Amino acid sequence: MIIAAALAEQGVNVGGLTAIPLEQVWPNTYGIWRDELEALGLTDLLGHCWDNCVSYFGKGEVNHGRAYGLFDKAKLQNHLLAKCEVGRVIWQQGEATQIEHNHKYSIVTTAAGEAIRARVVIDASGHNPMFIQRPDQGAVAFQTAYGIVGHFSAPPVEPQQFVLQDFRSEHLSATERATEPLTFLYAMDFGDDVYFVEETSLAMAPPVSFELLERRLHQRLAARGVQVTAVHEVERCIFPMTLPLPDLNQPVVAFGGAASMVHPASGYMVGALLRRGPGLAAAIAIALQDAQAEPAEIARKAWQELWNRDRLRKYYLYRFGLEKLMRFDEGLLNQHFDTFFSLPKNQWSGFLADTLSTPELVGVMMRLFVIAPNSLRWGLLQMPGQESNLLWQSVAS
C-alpha cells in the first residue's frame with residue numbers, strides 16, 4: 001500500500017490487487033523510533049510513544065535517550081488508503097496466480113481467471129512473494145517472537161517504560177543458558193494496567209520455535225513474581241532476516257519483504273519503506289514516460305533505484321554484522337550491545353534505521369571495533385562462516 005500511495009502521488013495510474021479486504025486491520029505491531037517519523041512529518045500516526053526507553057545488557061540498564069513509538073495500525077492504514085483514494089488507485093480483491101510478459105505489457109492472471117494488464121508489475125506480497133525470483137543461498141535466518149498484550153499480577157516493566165532489549169537470563173538454568181538459543185524481552189507499558197511483553201529471538205536458522213519463546217516468556221515473568229491475569233491479544237511473529245537479494249534483472253519489480261528490504265541487522269522495515277517508496281515511485285514514473293519502454297526496461301530502472309550500488313554495499317555489510325551476532329555467545333553478545341549503544345546516538349540510530357551512507361556505515365563499524373574490549377575484538381575478527389564472502393560482496397558490489 002505504501003508504494004501504491006507513492007505512485008499515485010506521482011500521477012501514475014495504479015491498480016492494486018489484494019488478497020485480503022482493504023479494511024481488514026493488519027495483525028502485527030509495528031514499532032519505530034519517533035525521530036524517524038518526525039523527519040517524515042508523520043508522528044500523528046503513532047498510537048503510543050515512550051520517552052523512557054531502556055535495554056539491559058552485560059553492564060545493566062542502558063538508557064537510550066531516544067523516544068520510541070508504536071504505529072496506530074488503523075491510522076497508518078487509513079493514511080495510506082486516503083492517499084490512494086486521492087490518487088484514484090483502483091483496488092480489486094483477488095489472488096494472483098501467474099504472470100506473462102510481452103513487449104508492451106505484463107499480464108497477471110488471477111485465481112478467478114481474470115487477466116490484468118499493466119506496463120509494470122510490483123510484487124509487494126511479502127517475504128514469500130508470488131512472482132519474485134531470488135537465488136537459493138542455503139538456510140535463511142528468521143527472527144521469531146511470541147508476545148502477549150494483557151493484564152498482569154504486577155507490572156512486568158516500570159510504569160511508562162519501553163524496553164527495547166532485555167537480555168538478562170538469570171531466570172534460566174545453567175543447562176538452558178548453555179544449550180538453548182539466546183532470546184530477549186521486548187516490552188512496554190500501554191497504560192491503564194495493560195502491558196505488552198514479547199520474548200524474541202534476534203535471528204536463527206532454523207528459527208526458534210514459538211513454543212520455546214512462550215516457555216521462556218513465562219519463565220522470565222515467573223522469576224519476577226509476575227503472572228498473566230488476562231490476555232487481550234497474542235502475537236506470533238516470524239520473518240526472514242537474511243533473505244538473498246532478488247534477481248535484479250527480472251521484469252517484475254518488488255517492494256517490502258518481497259524485495260528483501262528488512263534491515264538484515266535490526267529487523268526494521270517500515271521506516272525504510274516510507275523513506276524509499278517515493279524514490280522508487282519517481283523512478284518508475286520517469287520510466288513510464290517513454291511510451292515505447294517494455295516492462296523489462298521499466299523494471300530494470302526501478303531495480304537500479306531500489307538497489308543502487310550504495311544500498312547493495314550496505315546490505316552486505318549489515319548481513320556481515322548479523323552473521324557475527326548469530327555466532328556470539330551470551331557474553332560476547334552483551335559486550336557487543338553495550339559497546340554499540342555507547343556510540344554517539346547519531347551513529348547507532350543511523351545504523352538501525354539504515355540512513356547512513358556506506359562510508360558512514362564503515363566508519364561506525366570501525367569505531368565500534370576500536371572501542372570494543374579485546375574479547376569482542378577477537379570475536380569480530382573470527383570469520384568461520386559467511387563473513388569473509390559477505391565482506392567481499394560489499395566491496396565488489
# chains A, B, ... in the order shown; residues from 1 in each chain; ligands from 1

call {"tool": "residues_around", "arguments": {"residues": "A:Gly331", "least_positions_apart": "5", "cutoff": "10 Å", "atoms": "only C-alpha atoms", "output": "PyMOL selection string"}}
result
chain A and resi 57-58+336+375-376

call {"tool": "residues_around", "arguments": {"residues": "stretch 298-312 of chain A", "least_positions_apart": "6", "cutoff": "8 Å", "atoms": "only C-alpha atoms", "output": "compact mmCIF listing (two decimals) with N, CA and C atoms, in the first residue's frame"}}
result
# COMPACT_ATOMS: atom_id res chain seq x y z
N VAL A 120 3.96 -2.20 -15.87
CA VAL A 120 4.94 -2.78 -14.95
C VAL A 120 4.18 -3.31 -13.74
N LEU A 248 17.92 -8.97 -9.80
CA LEU A 248 17.69 -7.57 -10.15
C LEU A 248 17.53 -7.35 -11.64
N ASN A 249 17.47 -8.43 -12.40
CA ASN A 249 17.27 -8.32 -13.85
C ASN A 249 15.91 -8.83 -14.30
N GLN A 250 15.07 -9.22 -13.36
CA GLN A 250 13.77 -9.77 -13.75
C GLN A 250 12.79 -8.66 -14.12
N PRO A 251 11.79 -8.98 -14.94
CA PRO A 251 10.87 -7.94 -15.45
C PRO A 251 9.75 -7.59 -14.49
N VAL A 252 9.80 -8.08 -13.25
CA VAL A 252 8.85 -7.72 -12.22
C VAL A 252 9.62 -7.00 -11.12
N VAL A 253 9.05 -5.92 -10.59
CA VAL A 253 9.67 -5.17 -9.50
C VAL A 253 9.11 -5.69 -8.18
N ARG A 276 11.87 5.12 1.28
CA ARG A 276 12.34 4.71 -0.04
C ARG A 276 11.22 4.60 -1.07
N GLY A 279 11.13 7.50 -3.77
CA GLY A 279 12.21 7.42 -4.75
C GLY A 279 11.95 6.36 -5.80
N LEU A 280 11.47 5.21 -5.36
CA LEU A 280 11.14 4.15 -6.32
C LEU A 280 9.99 4.59 -7.21
N ALA A 283 11.21 6.97 -9.88
CA ALA A 283 11.97 6.30 -10.94
C ALA A 283 11.03 5.58 -11.90
N ILE A 284 9.98 4.95 -11.38
CA ILE A 284 9.02 4.26 -12.23
C ILE A 284 8.24 5.26 -13.07
N ALA A 287 10.34 6.35 -15.93
CA ALA A 287 10.47 5.29 -16.94
C ALA A 287 9.20 5.13 -17.75
N LEU A 288 8.05 5.34 -17.13
CA LEU A 288 6.77 5.20 -17.83
C LEU A 288 6.53 6.30 -18.86
N SER A 357 25.29 6.61 4.87
CA SER A 357 25.92 6.25 3.61
C SER A 357 26.91 5.12 3.87
N THR A 358 27.40 4.50 2.81
CA THR A 358 28.37 3.42 3.00
C THR A 358 29.61 3.88 3.77
N SER A 394 30.41 -6.83 -0.36
CA SER A 394 30.20 -5.41 -0.10
C SER A 394 31.20 -4.56 -0.87
N SER A 397 30.32 -4.98 -4.94
CA SER A 397 29.01 -4.51 -5.44
C SER A 397 29.14 -3.19 -6.18

call {"tool": "residues_around", "arguments": {"residues": "stretch 166-173 of chain A", "least_positions_apart": "3", "cutoff": "9 Å", "atoms": "only C-alpha atoms", "output": "number ranges by chain"}}
result
A: 54-58, 60-61, 163, 176-178, 182-187, 216, 219-224, 330, 334

call {"tool": "select_by_dssp", "arguments": {"residues": "stretch 155-385 of chain A", "states": "strand (DSSP E)", "output": "JSON, numbers by chain"}}
result
{"A": [161, 162, 163, 164, 165, 166, 184, 185, 186, 187, 188, 189, 190, 191, 194, 195, 196, 197, 198, 199, 200, 201, 202, 203, 204, 228, 229, 230, 231, 232, 233, 234, 235, 236, 237, 238, 239, 240, 253, 254]}

call {"tool": "write_last_selection", "arguments": {"atoms": "N, CA, C and O atoms", "output": "compact mmCIF listing (two decimals), in the first residue's frame"}}
result
# COMPACT_ATOMS: atom_id res chain seq x y z
N GLN A 161 7.30 2.84 30.69
CA GLN A 161 8.62 2.43 30.19
C GLN A 161 8.49 1.55 28.95
O GLN A 161 7.55 0.78 28.81
N PHE A 162 9.46 1.70 28.06
CA PHE A 162 9.61 0.82 26.90
C PHE A 162 10.96 0.13 27.02
O PHE A 162 11.98 0.77 27.25
N VAL A 163 10.97 -1.19 26.88
CA VAL A 163 12.19 -1.98 26.93
C VAL A 163 12.48 -2.52 25.53
O VAL A 163 11.71 -3.33 25.00
N LEU A 164 13.56 -2.05 24.95
CA LEU A 164 13.92 -2.48 23.60
C LEU A 164 14.46 -3.90 23.60
O LEU A 164 14.00 -4.76 22.84
N GLN A 165 15.45 -4.17 24.46
CA GLN A 165 16.05 -5.50 24.53
C GLN A 165 16.48 -5.76 25.97
O GLN A 165 17.31 -5.02 26.51
N ASP A 166 15.95 -6.79 26.56
CA ASP A 166 16.37 -7.22 27.89
C ASP A 166 16.95 -8.61 27.75
O ASP A 166 16.23 -9.60 27.64
N PHE A 184 15.54 -12.45 24.05
CA PHE A 184 15.44 -11.24 24.87
C PHE A 184 13.99 -10.81 24.98
O PHE A 184 13.13 -11.22 24.19
N LEU A 185 13.74 -9.95 25.98
CA LEU A 185 12.40 -9.41 26.19
C LEU A 185 12.27 -8.06 25.51
O LEU A 185 13.16 -7.21 25.62
N TYR A 186 11.16 -7.88 24.81
CA TYR A 186 10.75 -6.61 24.20
C TYR A 186 9.42 -6.29 24.86
O TYR A 186 8.49 -7.11 24.79
N ALA A 187 9.33 -5.14 25.55
CA ALA A 187 8.14 -4.93 26.38
C ALA A 187 7.82 -3.45 26.53
O ALA A 187 8.69 -2.59 26.37
N MET A 188 6.55 -3.17 26.89
CA MET A 188 6.12 -1.77 27.03
C MET A 188 4.85 -1.66 27.86
O MET A 188 4.04 -2.60 27.92
N ASP A 189 4.72 -0.51 28.49
CA ASP A 189 3.54 -0.17 29.27
C ASP A 189 2.58 0.61 28.38
O ASP A 189 2.89 1.70 27.91
N PHE A 190 1.39 0.07 28.15
CA PHE A 190 0.37 0.73 27.34
C PHE A 190 -0.52 1.67 28.17
O PHE A 190 -1.36 2.37 27.63
N GLY A 191 -0.36 1.66 29.49
CA GLY A 191 -1.25 2.45 30.34
C GLY A 191 -2.49 1.68 30.72
O GLY A 191 -2.82 0.63 30.12
N VAL A 194 -2.35 -2.12 31.28
CA VAL A 194 -2.19 -3.02 30.14
C VAL A 194 -0.73 -2.95 29.68
O VAL A 194 -0.16 -1.86 29.52
N TYR A 195 -0.13 -4.14 29.47
CA TYR A 195 1.27 -4.22 29.06
C TYR A 195 1.40 -5.16 27.87
O TYR A 195 0.57 -6.07 27.68
N PHE A 196 2.46 -4.95 27.11
CA PHE A 196 2.82 -5.86 26.03
C PHE A 196 4.19 -6.41 26.37
O PHE A 196 5.15 -5.65 26.56
N VAL A 197 4.30 -7.74 26.45
CA VAL A 197 5.58 -8.40 26.70
C VAL A 197 5.80 -9.43 25.61
O VAL A 197 4.89 -10.19 25.26
N GLU A 198 7.00 -9.45 25.07
CA GLU A 198 7.27 -10.32 23.93
C GLU A 198 8.68 -10.89 24.04
O GLU A 198 9.66 -10.16 24.15
N GLU A 199 8.78 -12.20 24.03
CA GLU A 199 10.08 -12.87 24.02
C GLU A 199 10.51 -13.04 22.57
O GLU A 199 9.73 -13.51 21.73
N THR A 200 11.74 -12.64 22.28
CA THR A 200 12.18 -12.51 20.89
C THR A 200 13.53 -13.19 20.67
O THR A 200 14.43 -13.09 21.50
N SER A 201 13.64 -13.85 19.54
CA SER A 201 14.92 -14.39 19.07
C SER A 201 15.43 -13.47 17.99
O SER A 201 14.74 -13.21 17.00
N LEU A 202 16.65 -12.95 18.14
CA LEU A 202 17.19 -11.98 17.19
C LEU A 202 17.24 -12.54 15.78
O LEU A 202 16.74 -11.94 14.83
N ALA A 203 17.84 -13.71 15.61
CA ALA A 203 17.89 -14.37 14.30
C ALA A 203 18.51 -15.74 14.48
O ALA A 203 19.56 -15.87 15.12
N MET A 204 17.87 -16.74 13.92
CA MET A 204 18.39 -18.10 13.99
C MET A 204 17.96 -18.88 12.75
O MET A 204 16.90 -18.64 12.19
N VAL A 228 0.35 -13.76 34.36
CA VAL A 228 -0.61 -13.21 33.41
C VAL A 228 -2.01 -13.43 33.99
O VAL A 228 -2.38 -14.55 34.31
N THR A 229 -2.78 -12.37 34.12
CA THR A 229 -4.13 -12.50 34.68
C THR A 229 -5.23 -12.37 33.62
O THR A 229 -6.35 -12.82 33.84
N ALA A 230 -4.93 -11.73 32.50
CA ALA A 230 -5.91 -11.62 31.41
C ALA A 230 -5.16 -11.38 30.11
O ALA A 230 -4.24 -10.54 30.05
N VAL A 231 -5.53 -12.10 29.07
CA VAL A 231 -4.88 -11.97 27.76
C VAL A 231 -5.84 -11.26 26.81
O VAL A 231 -6.95 -11.74 26.56
N HIS A 232 -5.41 -10.11 26.29
CA HIS A 232 -6.20 -9.40 25.29
C HIS A 232 -5.85 -9.86 23.88
O HIS A 232 -6.72 -9.92 23.01
N GLU A 233 -4.58 -10.16 23.69
CA GLU A 233 -4.11 -10.45 22.33
C GLU A 233 -2.81 -11.26 22.44
O GLU A 233 -1.99 -11.02 23.33
N VAL A 234 -2.64 -12.21 21.54
CA VAL A 234 -1.39 -12.98 21.44
C VAL A 234 -0.78 -12.71 20.08
O VAL A 234 -1.49 -12.74 19.06
N GLU A 235 0.51 -12.42 20.06
CA GLU A 235 1.21 -12.18 18.79
C GLU A 235 2.26 -13.25 18.58
O GLU A 235 3.09 -13.50 19.45
N ARG A 236 2.20 -13.86 17.42
CA ARG A 236 3.26 -14.79 16.99
C ARG A 236 3.83 -14.22 15.70
O ARG A 236 3.11 -14.12 14.70
N CYS A 237 5.07 -13.84 15.74
CA CYS A 237 5.68 -13.11 14.62
C CYS A 237 6.91 -13.86 14.13
O CYS A 237 7.74 -14.29 14.94
N ILE A 238 7.03 -14.01 12.83
CA ILE A 238 8.21 -14.63 12.25
C ILE A 238 8.49 -13.97 10.90
O ILE A 238 7.57 -13.78 10.10
N PHE A 239 9.73 -13.57 10.68
CA PHE A 239 10.10 -13.02 9.38
C PHE A 239 11.58 -13.26 9.12
O PHE A 239 12.38 -13.35 10.05
N PRO A 240 11.95 -13.38 7.84
CA PRO A 240 13.34 -13.68 7.50
C PRO A 240 14.23 -12.46 7.62
O PRO A 240 13.85 -11.34 7.26
N VAL A 253 9.05 -5.92 -10.59
CA VAL A 253 9.67 -5.17 -9.50
C VAL A 253 9.11 -5.69 -8.18
O VAL A 253 8.00 -6.22 -8.13
N ALA A 254 9.88 -5.54 -7.11
CA ALA A 254 9.39 -5.92 -5.79
C ALA A 254 9.50 -4.74 -4.85
O ALA A 254 10.25 -3.79 -5.09

call {"tool": "atom_distance", "arguments": {"atom1": "atom CA of A:Leu317", "atom2": "atom CA of A:Trp392"}}
result
9.5 Å

call {"tool": "select_by_dssp", "arguments": {"residues": "stretch 106-289 of chain A", "states": "helix (DSSP H, G or I)", "output": "ChimeraX atom specification"}}
result
/A:174-179,210-223,256-259,270-288

call {"tool": "atom_distance", "arguments": {"atom1": "atom CA of A:Gln10", "atom2": "atom CA of A:Ala291"}}
result
16.5 Å

call {"tool": "atom_distance", "arguments": {"atom1": "atom CA of A:Glu36", "atom2": "atom CA of A:Met269"}}
result
11.8 Å

call {"tool": "residues_around", "arguments": {"residues": "A:Ile20", "least_positions_apart": "5", "cutoff": "9 Å", "atoms": "only C-alpha atoms", "output": "count of residues only"}}
result
3

call {"tool": "closest_atom_pairs", "arguments": {"of": "stretch 217-335 of chain A", "to": "stretch 339-355 of chain A", "cutoff": "10 Å", "atoms": "only C-alpha atoms", "output": "CSV"}}
result
residue,atom,partner,partner_atom,distance
A:His263,CA,A:Asp354,CA,7.4
A:Pro264,CA,A:Leu352,CA,9.8
A:Ala265,CA,A:Leu352,CA,7.7
A:Ser266,CA,A:Leu352,CA,6.0
A:Gly267,CA,A:Leu352,CA,8.7
A:Tyr268,CA,A:Ala353,CA,7.2
A:Met269,CA,A:Ala353,CA,8.4
A:Val270,CA,A:Ala353,CA,9.7
A:Gly271,CA,A:Ala353,CA,7.2
A:Ala272,CA,A:Ala353,CA,7.2
A:Arg275,CA,A:Thr355,CA,9.4
A:Arg311,CA,A:Asp354,CA,9.1
A:Lys314,CA,A:Asp354,CA,8.3
A:Tyr315,CA,A:Asp354,CA,9.3
A:Tyr318,CA,A:Phe351,CA,8.9
A:Leu333,CA,A:Thr339,CA,9.9
A:Asn334,CA,A:Thr339,CA,8.5
A:Gln335,CA,A:Thr339,CA,6.1

call {"tool": "residues_around", "arguments": {"residues": "A:Asp123", "least_positions_apart": "4", "cutoff": "7 Å", "atoms": "only C-alpha atoms", "output": "ChimeraX atom specification"}}
result
/A:129,131-132,253-255,258

call {"tool": "closest_atom_pairs", "arguments": {"of": "stretch 129-160 of chain A", "to": "stretch 42-52 of chain A", "cutoff": "12 Å", "atoms": "only C-alpha atoms", "output": "CSV"}}
result
residue,atom,partner,partner_atom,distance
A:Val157,CA,A:Asn52,CA,11.2
A:Glu158,CA,A:Asn52,CA,9.4
A:Pro159,CA,A:Asn52,CA,9.3
A:Gln160,CA,A:Trp50,CA,6.7

call {"tool": "residues_around", "arguments": {"residues": "A:Ile3", "least_positions_apart": "3", "cutoff": "7 Å", "atoms": "only C-alpha atoms", "output": "PyMOL selection string"}}
result
chain A and resi 6-7+277+281

call {"tool": "closest_residue", "arguments": {"among": "A:Ala259, A:Arg367, A:Ser209, A:Val362", "to": "A:Gly126", "atoms": "only C-alpha atoms"}}
result
A:Ala259

call {"tool": "decode", "arguments": {"residues": "stretch 85-99 of chain A", "atoms": "all heavy atoms", "output": "JSON list (two decimals), in the first residue's frame"}}
result
[["chain", "number", "residue", "atom", "x", "y", "z"],
["A", 85, "GLU", "N", -6.80, 6.93, -2.41],
["A", 85, "GLU", "CA", -8.08, 7.43, -2.90],
["A", 85, "GLU", "C", -7.92, 8.74, -3.65],
["A", 85, "GLU", "O", -8.50, 8.94, -4.72],
["A", 85, "GLU", "CB", -9.05, 7.60, -1.72],
["A", 85, "GLU", "CG", -10.45, 8.00, -2.15],
["A", 85, "GLU", "CD", -11.42, 8.05, -0.98],
["A", 85, "GLU", "OE1", -11.04, 7.65, 0.13],
["A", 85, "GLU", "OE2", -12.57, 8.51, -1.19],
["A", 86, "VAL", "N", -7.10, 9.64, -3.10],
["A", 86, "VAL", "CA", -6.85, 10.92, -3.78],
["A", 86, "VAL", "C", -6.20, 10.66, -5.14],
["A", 86, "VAL", "O", -6.52, 11.33, -6.13],
["A", 86, "VAL", "CB", -5.94, 11.82, -2.91],
["A", 86, "VAL", "CG1", -5.46, 13.03, -3.71],
["A", 86, "VAL", "CG2", -6.68, 12.27, -1.66],
["A", 87, "GLY", "N", -5.30, 9.68, -5.19],
["A", 87, "GLY", "CA", -4.63, 9.35, -6.44],
["A", 87, "GLY", "C", -5.41, 8.42, -7.35],
["A", 87, "GLY", "O", -4.90, 7.96, -8.37],
["A", 88, "ARG", "N", -6.65, 8.11, -6.95],
["A", 88, "ARG", "CA", -7.56, 7.29, -7.76],
["A", 88, "ARG", "C", -7.01, 5.90, -8.05],
["A", 88, "ARG", "O", -7.15, 5.37, -9.16],
["A", 88, "ARG", "CB", -7.92, 8.00, -9.07],
["A", 88, "ARG", "CG", -8.64, 9.33, -8.82],
["A", 88, "ARG", "CD", -9.05, 9.99, -10.12],
["A", 88, "ARG", "NE", -9.74, 11.26, -9.86],
["A", 88, "ARG", "CZ", -10.20, 12.06, -10.80],
["A", 88, "ARG", "NH1", -10.05, 11.73, -12.08],
["A", 88, "ARG", "NH2", -10.82, 13.19, -10.48],
["A", 89, "VAL", "N", -6.39, 5.31, -7.05],
["A", 89, "VAL", "CA", -5.97, 3.91, -7.18],
["A", 89, "VAL", "C", -7.20, 3.03, -7.24],
["A", 89, "VAL", "O", -8.14, 3.19, -6.45],
["A", 89, "VAL", "CB", -5.08, 3.50, -5.99],
["A", 89, "VAL", "CG1", -4.71, 2.02, -6.08],
["A", 89, "VAL", "CG2", -3.81, 4.36, -5.94],
["A", 90, "ILE", "N", -7.23, 2.12, -8.18],
["A", 90, "ILE", "CA", -8.36, 1.20, -8.34],
["A", 90, "ILE", "C", -7.98, -0.14, -7.70],
["A", 90, "ILE", "O", -7.04, -0.80, -8.14],
["A", 90, "ILE", "CB", -8.71, 1.00, -9.83],
["A", 90, "ILE", "CG1", -9.09, 2.34, -10.45],
["A", 90, "ILE", "CG2", -9.82, -0.02, -9.98],
["A", 90, "ILE", "CD1", -9.28, 2.29, -11.96],
["A", 91, "TRP", "N", -8.70, -0.50, -6.65],
["A", 91, "TRP", "CA", -8.41, -1.75, -5.94],
["A", 91, "TRP", "C", -9.40, -2.84, -6.33],
["A", 91, "TRP", "O", -10.57, -2.57, -6.57],
["A", 91, "TRP", "CB", -8.49, -1.54, -4.43],
["A", 91, "TRP", "CG", -7.44, -0.65, -3.87],
["A", 91, "TRP", "CD1", -7.56, 0.68, -3.57],
["A", 91, "TRP", "CD2", -6.10, -1.01, -3.54],
["A", 91, "TRP", "NE1", -6.38, 1.17, -3.07],
["A", 91, "TRP", "CE2", -5.46, 0.15, -3.04],
["A", 91, "TRP", "CE3", -5.37, -2.20, -3.63],
["A", 91, "TRP", "CZ2", -4.13, 0.14, -2.62],
["A", 91, "TRP", "CZ3", -4.05, -2.21, -3.21],
["A", 91, "TRP", "CH2", -3.45, -1.04, -2.71],
["A", 92, "GLN", "N", -8.92, -4.05, -6.38],
["A", 92, "GLN", "CA", -9.81, -5.19, -6.52],
["A", 92, "GLN", "C", -9.27, -6.33, -5.67],
["A", 92, "GLN", "O", -8.05, -6.44, -5.45],
["A", 92, "GLN", "CB", -9.95, -5.63, -7.98],
["A", 92, "GLN", "CG", -8.67, -6.07, -8.67],
["A", 92, "GLN", "CD", -8.91, -6.32, -10.15],
["A", 92, "GLN", "OE1", -8.72, -5.44, -10.98],
["A", 92, "GLN", "NE2", -9.32, -7.53, -10.47],
["A", 93, "GLN", "N", -10.17, -7.13, -5.14],
["A", 93, "GLN", "CA", -9.77, -8.23, -4.28],
["A", 93, "GLN", "C", -9.62, -9.50, -5.11],
["A", 93, "GLN", "O", -10.47, -9.83, -5.95],
["A", 93, "GLN", "CB", -10.79, -8.46, -3.17],
["A", 93, "GLN", "CG", -10.30, -9.42, -2.09],
["A", 93, "GLN", "CD", -11.24, -9.44, -0.89],
["A", 93, "GLN", "OE1", -11.95, -8.47, -0.63],
["A", 93, "GLN", "NE2", -11.23, -10.55, -0.15],
["A", 94, "GLY", "N", -8.55, -10.19, -4.89],
["A", 94, "GLY", "CA", -8.28, -11.41, -5.64],
["A", 94, "GLY", "C", -6.87, -11.88, -5.37],
["A", 94, "GLY", "O", -6.08, -11.21, -4.69],
["A", 95, "GLU", "N", -6.52, -13.01, -5.94],
["A", 95, "GLU", "CA", -5.20, -13.59, -5.74],
["A", 95, "GLU", "C", -4.54, -13.84, -7.09],
["A", 95, "GLU", "O", -5.13, -14.47, -7.97],
["A", 95, "GLU", "CB", -5.30, -14.89, -4.95],
["A", 95, "GLU", "CG", -3.96, -15.49, -4.60],
["A", 95, "GLU", "CD", -4.09, -16.70, -3.71],
["A", 95, "GLU", "OE1", -5.20, -16.93, -3.18],
["A", 95, "GLU", "OE2", -3.10, -17.42, -3.55],
["A", 96, "ALA", "N", -3.33, -13.33, -7.25],
["A", 96, "ALA", "CA", -2.59, -13.55, -8.48],
["A", 96, "ALA", "C", -2.08, -14.98, -8.53],
["A", 96, "ALA", "O", -1.65, -15.53, -7.51],
["A", 96, "ALA", "CB", -1.42, -12.58, -8.58],
["A", 97, "THR", "N", -2.12, -15.57, -9.71],
["A", 97, "THR", "CA", -1.66, -16.96, -9.84],
["A", 97, "THR", "C", -0.53, -17.11, -10.86],
["A", 97, "THR", "O", 0.29, -18.01, -10.73],
["A", 97, "THR", "CB", -2.82, -17.88, -10.25],
["A", 97, "THR", "OG1", -3.40, -17.38, -11.47],
["A", 97, "THR", "CG2", -3.88, -17.93, -9.16],
["A", 98, "GLN", "N", -0.49, -16.26, -11.88],
["A", 98, "GLN", "CA", 0.59, -16.37, -12.85],
["A", 98, "GLN", "C", 0.78, -15.04, -13.56],
["A", 98, "GLN", "O", -0.06, -14.14, -13.49],
["A", 98, "GLN", "CB", 0.31, -17.47, -13.87],
["A", 98, "GLN", "CG", -0.89, -17.22, -14.77],
["A", 98, "GLN", "CD", -1.13, -18.39, -15.73],
["A", 98, "GLN", "OE1", -1.16, -19.54, -15.33],
["A", 98, "GLN", "NE2", -1.29, -18.07, -17.00],
["A", 99, "ILE", "N", 1.92, -14.92, -14.23],
["A", 99, "ILE", "CA", 2.25, -13.68, -14.94],
["A", 99, "ILE", "C", 2.95, -14.02, -16.25],
["A", 99, "ILE", "O", 3.70, -14.99, -16.33],
["A", 99, "ILE", "CB", 3.12, -12.75, -14.06],
["A", 99, "ILE", "CG1", 3.24, -11.36, -14.68],
["A", 99, "ILE", "CG2", 4.50, -13.37, -13.81],
["A", 99, "ILE", "CD1", 3.85, -10.34, -13.74]]
